[in-house]
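Read through the structure below, which is laid out as structure tokens, and then see the notes.
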2 protein chains.
Amino acid sequence: MKKIAVVGYGVIGKRVADAIDKQHDMELTGICDIISDWRIENAVRKNYNIYSATQEAEKEMKNAGFSVKGGMTELLDQVDLVVDCTPKKVAAKNVERYKSQGKKFIVQGGEKHETAGHSFSAENNYQTALNIDATRVVSCNTTSILRTLTALKRANLLQSARGTLLRRATDPWESHMGGIMNTMVPEKDIPSHQGPDAQSVDPELDVITAAVKVPETLSHMHYWNVRLTKKASKDEVLNAFKTSTRIKMIRYEQGLVSNNTIKEMFLDMGRPWGDMYEVALWEDMLKVQGDELFYAYVVDNQAIVIPETIDAIRALTGIIEDEHVSILKTNRTLGI
Amino acid sequence: MKKIAVVGYGVIGKRVADAIDKQHDMELTGICDIISDWRIENAVRKNYNIYSATQEAEKEMKNAGFSVKGGMTELLDQVDLVVDCTPKKVAAKNVERYKSQGKKFIVQGGEKHETAGHSFSAENNYQTALNIDATRVVSCNTTSILRTLTALKRANLLQSARGTLLRRATDPWESHMGGIMNTMVPEKDIPSHQGPDAQSVDPELDVITAAVKVPETLSHMHYWNVRLTKKASKDEVLNAFKTSTRIKMIRYEQGLVSNNTIKEMFLDMGRPWGDMYEVALWEDMLKVQGDELFYAYVVDNQAIVIPETIDAIRALTGIIEDEHVSILKTNRTLGI
């Protein structure tokens, strides 16, 4: 049984920890953070072993009444792999420790490709991650781009893709710390970084994106114009998307007309935090016109990378060599 | 001096009335509505002649202490042309009265093309509107599409254009009557109606749009992917856009990073209601890559059609035959 540590118990870390805990072929050895407020109580409630990232944090945690198993070095000593879910750029420093302690590691999409030297998207390049030392699970937006475009590519339909990304302004739990209201804020540069980021996984993709922040917190929405390799029918395109188990076709006519209705459906389904691991793609809105394809979908920025991270753990530790087996196993345990 | 009536004194009507009042070659004979609350006080303040659209409204207006010059028929009797700015689909009924009283008329973009039989965009088809009986000034989004794509077309650069339209959820003054919060609401159909609407002015345009409502009230934002007729430089594209006096090039680096900063700048300029008659297009964000062009701009949904409406009045009444003369005259009086 491979032993796994989660460093950084925030929006992504707490979800990764729970997802690891649900797998039968890996063990969550402990979580590590510096927080000692209400957020860490979630880990206590779940009986996770808690480690502190600094000595100062250990004192504060103990003062706050939390039982601390030890420091980060002691946690790392016990594990085969560490999943780093710390905020942007903190991981880059942690990585030095993982390397010096000889531990395999996974970082999240906020980090640079070079931090791990490999970028991961399960349905695209699981094989290249087998038994390597480190990878980066690409960001939520990039993951959704790779899933959808890889599906079109598998069906030999993809020539080039141009996307407009409407990004949520901030994470829900951080809304009190600042966001945007009653405005839109475009990213300064076109193309935005997500296109090149997708190419860090699949350099063959001809993809260009532009991105804009909108004043909402639920999820991202993408609009795509795709040039196909040939004139195709709507069914051919839908069948291509349906080869991915992590693209959920939804229908506008079913009343799923917005980010909030989609969120509510996943809460109704009993998913933890209402998490949507899938890309929710509007089947009835999708339009094929000659060799051009138009569609829109919604991306849960807090959840989509969770199954990817579980698959990345399996690839790096070599637990499972066939990506289809890993993906289905992950899907089953997470209720996808 | 051509005499003009404005029927419907709402968001567009009150602006059209003021704009007519500023012209030296036409006269605002009166405005006509059914409201008798705070909104009509604006017309009183400006000494506009007030007419009521129904007998019941006339009673209410008089009870509220407003001086009413008469009913709609009496207003129509005096004028050469009526600009109808009533809410969506009300105009279609009014049009029967304009026709039976033999009056030229202009309707706004919420109406169907067939209501007027002609659709108008000053820089594109002023000439076809000369001395005709009726036209429709296309909607704010469509106006912005026509201005920008016509500029590219004039420079022989435009092959096809694919746009994602981020629409403001509701008008500011109506925000208390319902909008959307913390979500996005895509239009059900791709393509959305704006592409075909632009073709009602210029059938040659190869344009496809998708649209989504976002939770803000300030203005629309459009993202475009354009296929050019050839590889071009950024300067060629900028020079094409600069041939329009109603496209304002803005720079992100100047701090104009969002809808709200742009709005504040136009308020600072002393424009009435902070109105932006221009399309505000980000010059530094704009990107040319081979024969592909990417750009984003902001559209003031309350203001952009005002100069267009003034030009339409001149075309239909034949006051000025050369569109350039009319456009410059309108620009000068409105401070563009």
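Residue numbering restarts at 1 in every chain; chains get A, B, ... in the order shown in the structure tokens, and ligands count up from 1 in that same order.
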Residue hits in chain B, query chain A, radius 9 Å, only C-alpha atoms, as a PyMOL selection string: chain B and resi 162-164+166+168+181-191+210+214-219+221+223-225+252-253+257-261+284-287+294-296
Residue neighbourhood Gly290 in chain A, 9 Å, only C-alpha atoms, exclusion window fewer than 2 positions, as a compact mmCIF listing (two decimals) with N, CA and C atoms, in the first residue's frame:
```
# COMPACT_ATOMS: atom_id res chain seq x y z
N LEU A 228 -12.68 21.89 -37.48
CA LEU A 228 -12.55 20.44 -37.56
C LEU A 228 -11.68 20.05 -38.76
N LYS A 230 -12.56 18.08 -40.95
CA LYS A 230 -13.47 17.80 -42.07
C LYS A 230 -14.88 18.23 -41.68
N LYS A 231 -15.76 18.29 -42.65
CA LYS A 231 -17.16 18.50 -42.32
C LYS A 231 -17.64 17.30 -41.51
N ALA A 232 -18.35 17.56 -40.44
CA ALA A 232 -18.77 16.46 -39.57
C ALA A 232 -20.21 16.68 -39.14
N SER A 233 -20.84 15.62 -38.66
CA SER A 233 -22.20 15.75 -38.14
C SER A 233 -22.13 16.03 -36.65
N VAL A 288 -22.70 22.35 -34.99
CA VAL A 288 -21.71 22.08 -36.03
C VAL A 288 -22.20 22.74 -37.30
N GLU A 292 -16.91 23.66 -38.91
CA GLU A 292 -16.75 24.45 -37.69
C GLU A 292 -17.65 23.92 -36.58
N LEU A 293 -17.10 23.97 -35.37
CA LEU A 293 -17.82 23.45 -34.21
C LEU A 293 -17.86 24.54 -33.14
```
Distance criterion (only C-alpha atoms): nearest to Ile313 in chain B out of B:Ile31, B:Val82, B:Val299, B:Ile262: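 Checking each candidate against Ile313 in chain B, we get B:Val82 as the closest.
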Selection: 12 Å around Asn124 in chain A, only C-alpha atoms, excl. self and same-chain fewer than 5 positions, as a ChimeraX atom specification: /A:119,129,137-138,143-154,198-205,244,308,311-312,323-324,327
Computed interatomic separation between CA of Ala134 in chain B and CA of Gly318 in chain B (Å): 12.3 Å
Shell of 10 Å around Gly335 in chain B, only C-alpha atoms, local chain residues under 2 positions omitted, as an MDAnalysis selection string: chainID B and resid 269:271 277 329:333
Can I get the selection written as a short mmCIF file (atom, residue, chain, number, x, y, z; two decimals), in the first residue's frame, with all heavy atoms?
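Here's the written file selection13.cif:
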```
data_model
loop_
_atom_site.label_atom_id
_atom_site.label_comp_id
_atom_site.auth_asym_id
_atom_site.auth_seq_id
_atom_site.Cartn_x
_atom_site.Cartn_y
_atom_site.Cartn_z
N MET B 269 -15.31 62.52 -18.09
CA MET B 269 -15.31 63.38 -19.27
C MET B 269 -16.54 64.28 -19.32
O MET B 269 -16.67 65.12 -20.20
CB MET B 269 -15.27 62.53 -20.55
CG MET B 269 -13.90 61.91 -20.83
SD MET B 269 -14.01 60.51 -22.01
CE MET B 269 -14.51 61.38 -23.51
N GLY B 270 -17.48 64.05 -18.39
CA GLY B 270 -18.67 64.88 -18.34
C GLY B 270 -19.74 64.47 -19.34
O GLY B 270 -20.72 65.19 -19.53
N ARG B 271 -19.58 63.31 -19.94
CA ARG B 271 -20.64 62.83 -20.83
C ARG B 271 -21.92 62.63 -20.01
O ARG B 271 -21.87 62.13 -18.88
CB ARG B 271 -20.25 61.48 -21.43
CG ARG B 271 -19.11 61.52 -22.45
CD ARG B 271 -19.60 61.78 -23.85
NE ARG B 271 -18.49 61.77 -24.81
CZ ARG B 271 -18.12 60.69 -25.50
NH1 ARG B 271 -18.75 59.54 -25.36
NH2 ARG B 271 -17.11 60.75 -26.35
N TYR B 277 -20.47 56.57 -26.55
CA TYR B 277 -21.07 56.33 -27.87
C TYR B 277 -20.18 55.45 -28.73
O TYR B 277 -20.62 54.87 -29.71
CB TYR B 277 -21.29 57.67 -28.58
CG TYR B 277 -22.09 58.68 -27.77
CD1 TYR B 277 -21.52 59.88 -27.35
CD2 TYR B 277 -23.41 58.41 -27.41
CE1 TYR B 277 -22.25 60.80 -26.59
CE2 TYR B 277 -24.14 59.32 -26.65
CZ TYR B 277 -23.55 60.51 -26.25
OH TYR B 277 -24.28 61.41 -25.52
N LYS B 329 -20.93 65.61 -38.12
CA LYS B 329 -21.83 66.58 -37.47
C LYS B 329 -22.36 66.00 -36.15
O LYS B 329 -22.34 66.65 -35.11
CB LYS B 329 -23.00 66.88 -38.43
CG LYS B 329 -23.62 68.25 -38.31
CD LYS B 329 -24.72 68.40 -39.37
CE LYS B 329 -25.47 69.70 -39.24
NZ LYS B 329 -24.71 70.86 -39.73
N THR B 330 -22.81 64.76 -36.22
CA THR B 330 -23.32 64.09 -35.01
C THR B 330 -22.21 63.97 -33.97
O THR B 330 -22.41 64.28 -32.79
CB THR B 330 -23.84 62.68 -35.37
OG1 THR B 330 -24.81 62.80 -36.41
CG2 THR B 330 -24.48 62.02 -34.17
N ASN B 331 -21.05 63.54 -34.42
CA ASN B 331 -19.92 63.38 -33.50
C ASN B 331 -19.61 64.68 -32.77
O ASN B 331 -19.42 64.71 -31.56
CB ASN B 331 -18.66 62.93 -34.26
CG ASN B 331 -18.75 61.49 -34.75
OD1 ASN B 331 -19.73 60.79 -34.47
ND2 ASN B 331 -17.75 61.06 -35.48
N ARG B 332 -19.58 65.77 -33.55
CA ARG B 332 -19.21 67.06 -32.97
C ARG B 332 -20.22 67.50 -31.91
O ARG B 332 -19.85 67.92 -30.83
CB ARG B 332 -19.09 68.12 -34.08
CG ARG B 332 -18.17 69.27 -33.70
CD ARG B 332 -17.80 70.13 -34.92
NE ARG B 332 -18.94 70.39 -35.77
CZ ARG B 332 -19.01 70.06 -37.07
NH1 ARG B 332 -18.00 69.47 -37.67
NH2 ARG B 332 -20.08 70.34 -37.77
N THR B 333 -21.49 67.33 -32.22
CA THR B 333 -22.51 67.79 -31.26
C THR B 333 -22.57 66.92 -30.02
O THR B 333 -22.94 67.38 -28.95
CB THR B 333 -23.91 67.81 -31.93
OG1 THR B 333 -24.15 66.52 -32.50
CG2 THR B 333 -23.99 68.86 -33.01
#
```
Two-atom distance - CA of Gln23 in chain B, CA of Val90 in chain B (Å): 27.2 Å
DSSP strand (DSSP E or B) residues within range 31-222 of chain A, as a ChimeraX atom specification: /A:31-33,50-52,70-71,81-84,104-107,119-120,134-137,158-168,185-186,207-214,220-222
Non-local contacts of Thr115 in chain B (10 Å; only C-alpha atoms; under 3 positions in same chain excluded) as a list in words: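 Contacts, in chain order: Lys89, Ala91, Ala92, Lys93, Val95, Glu96, Ile106, Val107, Glu111, Lys112, His118, Ser119, Ala134, Thr135 and Arg136 of chain B.
CA of Val325 in chain B sits 28.0 Å away from CA of Leu76 in chain B.
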Close residues, Gly30 in chain B itself excluded, 8 Å, only C-alpha atoms, min 5 positions apart in chain, as an NGL selection string: :B and (4-6 or 48-51 or 75)
DSSP helix (DSSP H, G or I) selection over range 2-233 of chain B, as a PyMOL selection string: chain B and resi 13-21+38-45+55-63+72-78+90-100+113-116+122-129+140-154+172-177+194-201
